[in-house]
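Accompanying notes for the structure given below.
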Protein chains: 6
Amino acid sequence: MRSDGRDNIQLRPITIEKDFTIHPEGSVLISMGNTKVICSASIEDRVPPFLRGQGKGWITAEYSMLPRATEQRNMRESTKGKVTGRTMEIQRLIGRALRSIIQLEDLGEKTVWIDCDVIQADGGTRTASITGAFIALALALQKSKIENKIKKWPIQDFLAAISVGVDHNHQVLLDLCYEEDSQAEVDMNVVMTGSQQFVELQGTGEEATFTRKQLNELLDAAEAGINQLIEQQKEILGEEITQQILLYKKDDDNCLSK
Amino acid sequence: MRSDGRDNIQLRPITIEKDFTIHPEGSVLISMGNTKVICSASIEDRVPPFLRGQGKGWITAEYSMLPRATEQRNMRESTKGKVTGRTMEIQRLIGRALRSIIQLEDLGEKTVWIDCDVIQADGGTRTASITGAFIALALALQKSKIENKIKKWPIQDFLAAISVGVDHNHQVLLDLCYEEDSQAEVDMNVVMTGSQQFVELQGTGEEATFTRKQLNELLDAAEAGINQLIEQQKEILGEEITQQILLYKKDDDNCLSK
Amino acid sequence: MRSDGRDNIQLRPITIEKDFTIHPEGSVLISMGNTKVICSASIEDRVPPFLRGQGKGWITAEYSMLPRATEQRNMRESTKGKVTGRTMEIQRLIGRALRSIIQLEDLGEKTVWIDCDVIQADGGTRTASITGAFIALALALQKSKIENKIKKWPIQDFLAAISVGVDHNHQVLLDLCYEEDSQAEVDMNVVMTGSQQFVELQGTGEEATFTRKQLNELLDAAEAGINQLIEQQKEILGEEITQQILLYKKDDDNCLSK
Amino acid sequence: MRSDGRDNIQLRPITIEKDFTIHPEGSVLISMGNTKVICSASIEDRVPPFLRGQGKGWITAEYSMLPRATEQRNMRESTKGKVTGRTMEIQRLIGRALRSIIQLEDLGEKTVWIDCDVIQADGGTRTASITGAFIALALALQKSKIENKIKKWPIQDFLAAISVGVDHNHQVLLDLCYEEDSQAEVDMNVVMTGSQQFVELQGTGEEATFTRKQLNELLDAAEAGINQLIEQQKEILGEEITQQILLYKKDDDNCLSK
Amino acid sequence: MRSDGRDNIQLRPITIEKDFTIHPEGSVLISMGNTKVICSASIEDRVPPFLRGQGKGWITAEYSMLPRATEQRNMRESTKGKVTGRTMEIQRLIGRALRSIIQLEDLGEKTVWIDCDVIQADGGTRTASITGAFIALALALQKSKIENKIKKWPIQDFLAAISVGVDHNHQVLLDLCYEEDSQAEVDMNVVMTGSQQFVELQGTGEEATFTRKQLNELLDAAEAGINQLIEQQKEILGEEITQQILLYKKDDDNCLSK
Amino acid sequence: MRSDGRDNIQLRPITIEKDFTIHPEGSVLISMGNTKVICSASIEDRVPPFLRGQGKGWITAEYSMLPRATEQRNMRESTKGKVTGRTMEIQRLIGRALRSIIQLEDLGEKTVWIDCDVIQADGGTRTASITGAFIALALALQKSKIENKIKKWPIQDFLAAISVGVDHNHQVLLDLCYEEDSQAEVDMNVVMTGSQQFVELQGTGEEATFTRKQLNELLDAAEAGINQLIEQQKEILGEEITQQILLYKKDDDNCLSK
């Protein structure tokens with residue numbers, strides 16, 4: 001049994017607090033066990049230089065941890081004067097993942113800034129960031145739609161992410177906490193849509209390797225976890241937003257992969 | 001009357017949530033109206049190079065805002081690659097203020113890192129940071145004392161801070177929100193101890209000037225506000241810590257200014 | 001008695017050399033005892049982005065020390081690759097102080113760059129910088145006026161700054177040299193106008209605290225010192241510039257605080 | 001048919017020039033079609049601080065492109081003053097991949113620096129870097145072994161990497177050139193060992209998504225490509241080194257995943 | 001005799017490989033003994049801000065070494081976050097040297113970026129860079145001329161560079177390898193044109209000094225070496241480009257020094 | 001005739017003020033016409049890492065300009081966050097030049113920091129820096145000798161520097177002011193010793209070239225100028241220091257070039 005008593009293929013308790021701060025267009029505090037991330041979505045009325053004049057929008061993400069989000073205090077990246085490789089990898093992942101389910105043409109020439117600030121870390125901060133950021137993004141776009149700032153609803157599908165891994169007893173685990181993660185032989189982050197398609201798959205043998213069979217077990221576990229997360233997203237977002245996302249899909253099924 | 005209906009010399013509603021995150025030795029979420037700051041205190045078993053071998057401790061502070069703590073999103077300082085002048089000024093102020101009520105010799109060769117992370121800003125973030133950081137520091141040192149990691153209780157007095165200002169109708173205001181602050185003619189931050197001594201006084205005519213008479217009215221208002229804040233600190237910290245701080249004072253009254 | 005034989009409320013000898021270098025529009029070398037600062041004012045025909053198109057000017061300041069201005073050589077900030085918090089705090093203070101006595105609308109869309117370069121340091125470098133920079137600024141603006149580059153004389157009042165402090169014998173001292181400053185219990189910088197109004201007040205208990213009574217004694221001493229400094233400024237600037245500043249005041253008395 | 005006439009599941013022509021430069025302990029120039037990378041391995045007799053005194057070694061990688069390796073000239077990262085997120089992601093990947101097939105304890109307290117410098121880019125630079133770096137590493141370690149600088153042969157298995165993707169006609173392609181890569185819907189980098197185990201799997205829907213079925217086809221293609229690359233590695237490294245790697249495996253089969 | 005058996009006034013073997021990489025407009029790999037530099041010329045259709053609207057072009061150079069171009073691995077400048085003084089000195093020299101034989105008005109509003117990337121270093125990397133960069137530049141401009149992208153042939157003369165030095169036996173040496181260079185008493189880099197005029201002369205007593213007589217011997221040696229290098233440049237560039245350069249000279253002889 | 005009425009081979013008026021600031025071990029203000037540089041020498045009791053334990057000392061130099069030393073204000077390098085290539089080139093030159101006439105073994109394990117801060121610039125700042133820094137260095141070492149902090153007098157010879165150039169009328173000029181320098185066709189900086197040996201020679205055709213004959217005329221002019229500068233150095237330094245330098249030479253003539 002796992003240190004917190006969970007089954008191998010069981011998520012940690014999840015809570016999602018909508019409108020956690022007042023200024024952003026969309027904002028949530030997502031907790032998965034002891035991992036807590038403030039996700040906010042800010043809409044800006046212009047796009048980066050490489051997109052100007054194309055009528056398309058952009059989604060970009062930034063990720064950070066408070067210095068004492070972790071057991072040992074980490075030096076701030078602003079104090080170091082540079083963003084670490086790990087942070088850049090994560091913020092590139094979050095941005096890419098969210099762009100995959102957005103029709104950027106529908107957004108118009110706007111940039112959505114996603115900020116994921118980890119205030120407490122216990123493993124799975126990048127996947128919690130994606131799952132939470134999706135909700136902040138949907139809330140912000142719903143607000144824009146109500147205020148007639150976007151022409152068309154741009155979210156095509158739900159999106160969530162989860163970590164899976166193989167421990168040193170060759171057990172497949174879902175939603176690893178920090179202690180499990182630091183001892184895992186294989187560590188995989190999976191991002192999937194509500195229609196069970198992959199968006200991103202990042203699997204790493206941590207000074208170890210893994211087989212095709214293990215990969216399949218990991219993916220089964222991830223799929224189960226993501227389905228539950230998306231159910232929770234629907235509940236938080238409510239009927240109206242959920243229907244909009246699902247209807248986008250029905251209308252537009254053939255060009256899903258664009 | 002003020003935009004939120006307060007009297008001129010009235011504080012905004014204050015809430016202080018103890019142990020807001022699990023990893024730091026001391027942690028609070030302090031809210032003053034819509035200004036919300038996570039303050040944490042982390043204890044490290046070594047001192048900066050300039051203090052090594054002197055048997056004294058050190059207290060240092062860092063301050064940051066989430067990008068969307070404000071109405072307009074701000075670029076992260078880690079992305080800019082440098083800490084702004086405003087941030088440096090604030091973190092130097094917080095560190096200096098807290099060191100004034102600590103007997104650094106009692107702390108032993110330890111550094112306390114104070115992190116003040118503003119998650120929502122509506123004026124007065126630096127003074128809320130000091131008031132909250134004092135509590136986080138006291139909680140962390142109480143924990144250290146219980147675990148026998150410090151020899152002697154090092155906090156000599158209570159400490160809180162508040163902003164005061166003069167608006168364009170020449171009215172003195174206590175605890176300015178962002179809107180008031182941005183229109184004030186004079187802006188002053190006052191840090192005081194529980195025995196009503198000044199620790200720091202920073203008054204600025206914002207492209208304006210002020211008289212000695214106005215200064216005195218500002219200080220009266222600040223003193224009233226700080227007394228209320230310190231009452232609230234006592235309540236949150238509880239009887240045992242409060243008595244320790246008060247008794248330190250009684251034992252040691254003559255050398256208060258060291 | 002003080003180490004250099006002065007009375008407690010006595011300034012160090014002051015010399016101010018006008019037009020110390022040939023290139024800037026205004027330039028002085030100010031010496032207060034062994035503290036020597038080159039202050040120059042450079043006028044640029046444009047304003048920072050946040051002011052464009054508003055018909056107003058701007059004043060900004062930079063402060064630096066030569067590496068061997070001090071007893072121990074300091075590393076250059078250009079070599080470190082960043083400006084320290086102390087430097088930023090000082091240059092923000094100098095700029096803010098000078099803007100308080102300038103009618104920025106009268107300046108037109110111009111930026112005045114104030115450079116304060118300390119070539120020898122013995123305490124009070126930031127206050128000497130302000131006192132000297134005021135003269136450099138007045139000289140530069142007089143030159144602009146003569147060359148018809150500004151429409152209206154923009155300086156509303158004189159401006160000077162001085163340090164005061166409390167030593168460990170609880171004596172109030174005026175114009176502290178480095179040795180006194182490094183041992184002071186309380187350290188306060190005061191910026192005042194020719195009409196004896198405060199522009200900036202920064203008082204710090206250096207790991208100590210101070211009472212309201214001490215504050216009043218400190219302010220009395222500062223006021224006395226600043227009056228002498230302003231007399232000296234008048235002498236250096238000469239009758240014509242002095243009258244322009246005084247007349248600005250008389251014409252415009254009611255809106256002094258704008 | 002593909003733009004260069006290849007079949008969908010066919011590698012580009014590969015050439016590997018051993019000992020391309022004289023200074024590094026191991027050095028190759030690897031070409032996969034028009035992609036050319038200089039890979040070198042440098043052995044240093046110490047480890048990073050976090051490993052000191054543990055008797056283990058370390059492998060770290062750096063990756064860079066010449067400014068005109070690409071069709072449009074890119075600014076140098078040294079000129080920008082910082083390493084981009086893309087570069088950091090790639091060098092972390094290369095280091096992690098190589099560490100997975102090395103028994104770091106056998107290496108002793110040494111660091112191997114892997115440098116992958118792309119002198120001409122046409123897609124697949126990170127996978128070519130891994131495939132080439134493996135050879136440079138093996139050459140360097142063989143030299144160390146001959147000179148008795150390492151006690152035991154530390155390479156446990158072969159290692160190579162390849163890119164696979166899905167084009168906009170839903171075709172699975174092996175070893176994408178730049179033009180194919182920039183138009184692909186799905187882009188996946190696969191790192192595998194000589195015993196056909198996964199080390200790293202990074203699949204990304206580029207503003208698109210992919211199914212489990214597509215994933216399986218991609219992995220089949222990658223496996224085929226990697227087997228060919230490893231055959232080529234064996235040929236270049238020669239009988240002696242190849243046998244050492246294969247024998248390490250046979251002796252030690254059970255603890256392969258450590 | 002010298003360590004590699006050369007006479008004192010003898011160049012190392014030179015090879016120049018044209019079109020070494022496919023993307024740049026001009027590209028060579030130049031080897032002088034074990035020193036190997038990839039030189040590329042990239043043409044951009046705009047000029048730096050200080051030249052805009054003047055109808056003139058610009059030539060700028062960047063220089064870098066692969067980390068393991070040298071016997072000991074050097075840290076990358078991108079990792080350090082800054083370019084060293086040595087690198088800046090060299091790239092300023094290369095740019096200045098190439099601009100001296102170009103009629104920038106003939107180039108039109110274009111920038112030529114010269115990249116000199118040392119892949120193997122054994123002394124004389126800056127002079128090899130200049131000699132090779134001249135060829136890359138000529139190839140790129142010939143390409144531009146053929147494609148009618150420049151109006152007039154802008155190269156006025158040939159250009160090459162070589163190092164000379166005085167060893168500790170007071171012998172004058174031509175084209176020093178690294179070992180000779182690191183032991184030389186005097187080190188001089190000479191850049192000359194095909195009409196035997198000086199472009200740049202940088203002579204340094206390395207913690208030593210030199211006489212006017214020694215200077216003359218050094219210049220004689222340099223002149224001999226440069227003549228040979230220019231013969232080789234003519235051969236590589238071929239009859240057509242060579243004639244264009246020589247004819248530019250004949251037409252325009254009087255204004256050679258502009 | 002030249003713009004300031006000088007003959008072609010005539011220096012500008014020189015003044016050298018000894019002990020210009022009180023803190024450095026050696027300090028001068030040198031003026032050559034309108035070019036004014038504060039040169040200071042600071043002695044530190046340790047050497048850089050690469051020299052530790054070898055019993056030798058080191059001399060290193062830093063160079064900077066006040067922002068308004070020039071006709072147009074320049075941005076501070078500390079504000080830019082990096083030192084420009086020009087500055088690095090100059091400070092490397094100054095350090096190298098001074099090391100050439102110092103017996104570093106005699107210095108013992110000390111570092112001399114030379115700071116050259118240009119407070120007013122009108123051409124020739126780098127050569128004035130060298131000429132002034134030599135005096136500051138000699139004053140600092142004399143002080144060290146008197147205080148018995150160095151065992152043996154380490155200065156072997158006098159050292160001065162001057163600029164020469166060719167104007168667009170093909171006239172050779174000595175000691176160019178800024179206006180002349182910016183229009184010169186050839187610009188050369190020459191550093192020589194009191195025994196008329198070269199230490200450094202840097203000649204540049206500014207988008208032009210020069211002949212061997214012109215080189216010889218330039219060197220004749222430089223030699224004449226340097227002889228005068230060294231006479232002035234002797235006068236300022238006085239009989240005792242001058243004799244020490246000259247006697248070092250006589251005792252040790254054969255090993256002058258070490």
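By convention here, the chains of the structure tokens are called A, B, ... in the order presented, each chain's residues are numbered starting at 1, and ligands are numbered starting at 1 in the order presented.
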Got a sec to pull out which chain F residues are within 9 Å of chain E, counting only C-alpha atoms, and send them as a JSON list (two decimals) with N, CA, C and O atoms, in the first residue's frame?
[["chain", "number", "residue", "atom", "x", "y", "z"],
["F", 82, "LYS", "N", 26.05, 45.19, -18.39],
["F", 82, "LYS", "CA", 27.26, 44.56, -18.91],
["F", 82, "LYS", "C", 28.27, 45.59, -19.38],
["F", 82, "LYS", "O", 27.92, 46.72, -19.72],
["F", 83, "VAL", "N", 29.51, 45.16, -19.35],
["F", 83, "VAL", "CA", 30.62, 45.98, -19.74],
["F", 83, "VAL", "C", 30.77, 45.84, -21.26],
["F", 83, "VAL", "O", 30.71, 44.75, -21.79],
["F", 84, "THR", "N", 30.94, 46.96, -21.96],
["F", 84, "THR", "CA", 31.04, 46.89, -23.41],
["F", 84, "THR", "C", 32.38, 46.32, -23.85],
["F", 84, "THR", "O", 33.35, 46.29, -23.09],
["F", 85, "GLY", "N", 32.43, 45.91, -25.10],
["F", 85, "GLY", "CA", 33.68, 45.41, -25.68],
["F", 85, "GLY", "C", 34.78, 46.45, -25.63],
["F", 85, "GLY", "O", 35.92, 46.14, -25.31],
["F", 86, "ARG", "N", 34.44, 47.71, -25.91],
["F", 86, "ARG", "CA", 35.44, 48.78, -25.88],
["F", 86, "ARG", "C", 36.08, 48.90, -24.49],
["F", 86, "ARG", "O", 37.30, 48.98, -24.36],
["F", 87, "THR", "N", 35.25, 48.88, -23.45],
["F", 87, "THR", "CA", 35.78, 48.99, -22.09],
["F", 87, "THR", "C", 36.69, 47.82, -21.77],
["F", 87, "THR", "O", 37.77, 47.99, -21.21],
["F", 88, "MET", "N", 36.26, 46.63, -22.13],
["F", 88, "MET", "CA", 37.08, 45.45, -21.83],
["F", 88, "MET", "C", 38.43, 45.53, -22.54],
["F", 88, "MET", "O", 39.46, 45.20, -21.95],
["F", 89, "GLU", "N", 38.40, 45.95, -23.79],
["F", 89, "GLU", "CA", 39.63, 46.07, -24.56],
["F", 89, "GLU", "C", 40.59, 47.03, -23.86],
["F", 89, "GLU", "O", 41.78, 46.77, -23.75],
["F", 92, "ARG", "N", 41.93, 45.66, -20.42],
["F", 92, "ARG", "CA", 42.94, 44.62, -20.65],
["F", 92, "ARG", "C", 44.26, 45.26, -21.07],
["F", 92, "ARG", "O", 45.34, 44.84, -20.63],
["F", 96, "ARG", "N", 47.82, 44.99, -18.94],
["F", 96, "ARG", "CA", 48.96, 44.36, -19.64],
["F", 96, "ARG", "C", 50.14, 45.32, -19.68],
["F", 96, "ARG", "O", 51.28, 44.93, -19.44],
["F", 97, "ALA", "N", 49.85, 46.59, -19.99],
["F", 97, "ALA", "CA", 50.93, 47.58, -20.12],
["F", 97, "ALA", "C", 51.66, 47.73, -18.79],
["F", 97, "ALA", "O", 52.90, 47.71, -18.73],
["F", 98, "LEU", "N", 50.92, 47.86, -17.69],
["F", 98, "LEU", "CA", 51.56, 48.08, -16.39],
["F", 98, "LEU", "C", 52.33, 46.84, -15.94],
["F", 98, "LEU", "O", 53.39, 46.95, -15.32],
["F", 99, "ARG", "N", 51.80, 45.66, -16.25],
["F", 99, "ARG", "CA", 52.52, 44.45, -15.84],
["F", 99, "ARG", "C", 53.88, 44.34, -16.54],
["F", 99, "ARG", "O", 54.78, 43.70, -16.02],
["F", 100, "SER", "N", 54.00, 44.98, -17.71],
["F", 100, "SER", "CA", 55.24, 44.80, -18.48],
["F", 100, "SER", "C", 56.46, 45.44, -17.82],
["F", 100, "SER", "O", 57.58, 45.07, -18.09],
["F", 101, "ILE", "N", 56.24, 46.44, -16.94],
["F", 101, "ILE", "CA", 57.41, 47.09, -16.32],
["F", 101, "ILE", "C", 57.50, 46.77, -14.83],
["F", 101, "ILE", "O", 58.26, 47.40, -14.09],
["F", 102, "ILE", "N", 56.72, 45.80, -14.39],
["F", 102, "ILE", "CA", 56.75, 45.39, -12.98],
["F", 102, "ILE", "C", 57.35, 43.99, -12.88],
["F", 102, "ILE", "O", 57.01, 43.11, -13.67],
["F", 103, "GLN", "N", 58.25, 43.83, -11.92],
["F", 103, "GLN", "CA", 58.74, 42.48, -11.62],
["F", 103, "GLN", "C", 57.74, 41.89, -10.63],
["F", 103, "GLN", "O", 57.77, 42.21, -9.43],
["F", 168, "HIS", "N", 43.00, 63.31, -42.72],
["F", 168, "HIS", "CA", 42.61, 63.07, -44.11],
["F", 168, "HIS", "C", 43.44, 63.86, -45.12],
["F", 168, "HIS", "O", 43.28, 63.71, -46.31],
["F", 185, "GLU", "N", 42.22, 58.98, -40.42],
["F", 185, "GLU", "CA", 42.24, 57.79, -41.28],
["F", 185, "GLU", "C", 42.92, 56.63, -40.60],
["F", 185, "GLU", "O", 42.57, 55.48, -40.81],
["F", 186, "VAL", "N", 43.97, 56.96, -39.85],
["F", 186, "VAL", "CA", 44.70, 55.93, -39.12],
["F", 186, "VAL", "C", 44.81, 56.41, -37.69],
["F", 186, "VAL", "O", 45.02, 57.59, -37.43],
["F", 188, "MET", "N", 46.56, 55.24, -33.96],
["F", 188, "MET", "CA", 47.50, 54.30, -33.34],
["F", 188, "MET", "C", 47.77, 54.69, -31.90],
["F", 188, "MET", "O", 48.00, 55.86, -31.60],
["F", 192, "MET", "N", 55.16, 52.90, -24.45],
["F", 192, "MET", "CA", 56.62, 52.69, -24.44],
["F", 192, "MET", "C", 57.19, 52.87, -23.05],
["F", 192, "MET", "O", 56.59, 53.50, -22.18],
["F", 193, "THR", "N", 58.39, 52.36, -22.88],
["F", 193, "THR", "CA", 59.08, 52.47, -21.59],
["F", 193, "THR", "C", 60.04, 53.65, -21.63],
["F", 193, "THR", "O", 60.29, 54.25, -22.68],
["F", 196, "GLN", "N", 62.76, 53.52, -24.06],
["F", 196, "GLN", "CA", 62.33, 53.60, -25.46],
["F", 196, "GLN", "C", 62.10, 52.24, -26.12],
["F", 196, "GLN", "O", 62.39, 52.05, -27.30],
["F", 197, "GLN", "N", 61.59, 51.35, -25.36],
["F", 197, "GLN", "CA", 61.18, 50.08, -25.94],
["F", 197, "GLN", "C", 59.66, 50.07, -26.04],
["F", 197, "GLN", "O", 58.96, 50.69, -25.23],
["F", 198, "PHE", "N", 59.17, 49.30, -27.02],
["F", 198, "PHE", "CA", 57.72, 49.19, -27.17],
["F", 198, "PHE", "C", 57.16, 48.19, -26.18],
["F", 198, "PHE", "O", 57.76, 47.14, -25.93],
["F", 199, "VAL", "N", 56.00, 48.50, -25.67],
["F", 199, "VAL", "CA", 55.27, 47.56, -24.83],
["F", 199, "VAL", "C", 54.03, 47.12, -25.59],
["F", 199, "VAL", "O", 53.66, 45.95, -25.59],
["F", 200, "GLU", "N", 53.43, 48.06, -26.28],
["F", 200, "GLU", "CA", 52.19, 47.76, -27.00],
["F", 200, "GLU", "C", 52.05, 48.74, -28.15],
["F", 200, "GLU", "O", 52.39, 49.92, -28.01],
["F", 201, "LEU", "N", 51.54, 48.23, -29.24],
["F", 201, "LEU", "CA", 51.41, 49.00, -30.47],
["F", 201, "LEU", "C", 50.07, 48.61, -31.05],
["F", 201, "LEU", "O", 49.85, 47.44, -31.36],
["F", 202, "GLN", "N", 49.13, 49.51, -31.16],
["F", 202, "GLN", "CA", 47.84, 49.14, -31.75],
["F", 202, "GLN", "C", 47.47, 50.15, -32.80],
["F", 202, "GLN", "O", 47.06, 51.27, -32.47],
["F", 203, "GLY", "N", 47.66, 49.77, -34.05],
["F", 203, "GLY", "CA", 47.38, 50.69, -35.13],
["F", 203, "GLY", "C", 46.24, 50.18, -35.98],
["F", 203, "GLY", "O", 46.19, 49.01, -36.33],
["F", 204, "THR", "N", 45.31, 51.06, -36.29],
["F", 204, "THR", "CA", 44.09, 50.66, -36.99],
["F", 204, "THR", "C", 43.83, 51.63, -38.13],
["F", 204, "THR", "O", 43.78, 52.84, -37.91],
["F", 205, "GLY", "N", 43.67, 51.10, -39.33],
["F", 205, "GLY", "CA", 43.15, 51.92, -40.41],
["F", 205, "GLY", "C", 41.64, 52.00, -40.23],
["F", 205, "GLY", "O", 40.95, 50.99, -40.27],
["F", 206, "GLU", "N", 41.13, 53.19, -39.99],
["F", 206, "GLU", "CA", 39.69, 53.33, -39.75],
["F", 206, "GLU", "C", 38.97, 53.33, -41.09],
["F", 206, "GLU", "O", 38.82, 54.37, -41.71],
["F", 207, "GLU", "N", 38.57, 52.18, -41.53],
["F", 207, "GLU", "CA", 37.99, 52.01, -42.87],
["F", 207, "GLU", "C", 38.95, 52.57, -43.92],
["F", 207, "GLU", "O", 38.54, 53.10, -44.95],
["F", 208, "ALA", "N", 40.25, 52.46, -43.59],
["F", 208, "ALA", "CA", 41.31, 52.88, -44.51],
["F", 208, "ALA", "C", 42.52, 51.99, -44.25],
["F", 208, "ALA", "O", 42.44, 51.05, -43.45],
["F", 209, "THR", "N", 43.62, 52.25, -44.90],
["F", 209, "THR", "CA", 44.83, 51.44, -44.73],
["F", 209, "THR", "C", 46.02, 52.37, -44.61],
["F", 209, "THR", "O", 45.90, 53.57, -44.82],
["F", 210, "PHE", "N", 47.19, 51.82, -44.25],
["F", 210, "PHE", "CA", 48.38, 52.69, -44.15],
["F", 210, "PHE", "C", 49.63, 51.93, -44.57],
["F", 210, "PHE", "O", 49.69, 50.71, -44.54],
["F", 211, "THR", "N", 50.63, 52.70, -44.96],
["F", 211, "THR", "CA", 51.85, 52.10, -45.52],
["F", 211, "THR", "C", 52.94, 51.97, -44.44],
["F", 211, "THR", "O", 52.85, 52.58, -43.37],
["F", 212, "ARG", "N", 53.96, 51.23, -44.78],
["F", 212, "ARG", "CA", 55.11, 51.06, -43.88],
["F", 212, "ARG", "C", 55.76, 52.41, -43.59],
["F", 212, "ARG", "O", 56.20, 52.67, -42.48],
["F", 215, "LEU", "N", 53.76, 54.25, -41.10],
["F", 215, "LEU", "CA", 53.97, 53.64, -39.80],
["F", 215, "LEU", "C", 55.22, 54.22, -39.14],
["F", 215, "LEU", "O", 55.22, 54.57, -37.95],
["F", 219, "LEU", "N", 55.49, 56.27, -35.58],
["F", 219, "LEU", "CA", 56.28, 55.82, -34.43],
["F", 219, "LEU", "C", 57.28, 56.88, -33.98],
["F", 219, "LEU", "O", 57.53, 57.06, -32.79],
["F", 256, "LEU", "N", 66.09, 42.65, -18.71],
["F", 256, "LEU", "CA", 64.97, 43.57, -18.84],
["F", 256, "LEU", "C", 63.76, 42.92, -19.52],
["F", 256, "LEU", "O", 62.62, 43.06, -19.08],
["F", 257, "SER", "N", 64.04, 42.19, -20.57],
["F", 257, "SER", "CA", 62.92, 41.52, -21.25],
["F", 257, "SER", "C", 62.59, 40.19, -20.56],
["F", 257, "SER", "O", 61.84, 39.39, -21.09],
["F", 258, "LYS", "N", 63.19, 39.99, -19.41],
["F", 258, "LYS", "CA", 62.94, 38.76, -18.61],
["F", 258, "LYS", "C", 63.12, 37.49, -19.43],
["F", 258, "LYS", "O", 62.21, 36.89, -19.95]]
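Closest approach to Met75 of chain D from the set E:Glu109, E:Glu25, E:Asp45, E:Asp115 is made by E:Asp115, with distances taken over only C-alpha atoms.
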Separation of atom CA of Gly165 of chain C from atom CA of Ile114 of chain C, in Å and rounded to one decimal = 26.9 Å
Picked from segment 17-243 of chain C by DSSP as strand (DSSP E or B), as a VMD selection string | chain C and resid 17 to 18 26 to 32 35 to 44 58 to 65 102 111 to 120 155 159 to 166 172 to 174 186 to 193 198 to 205 210
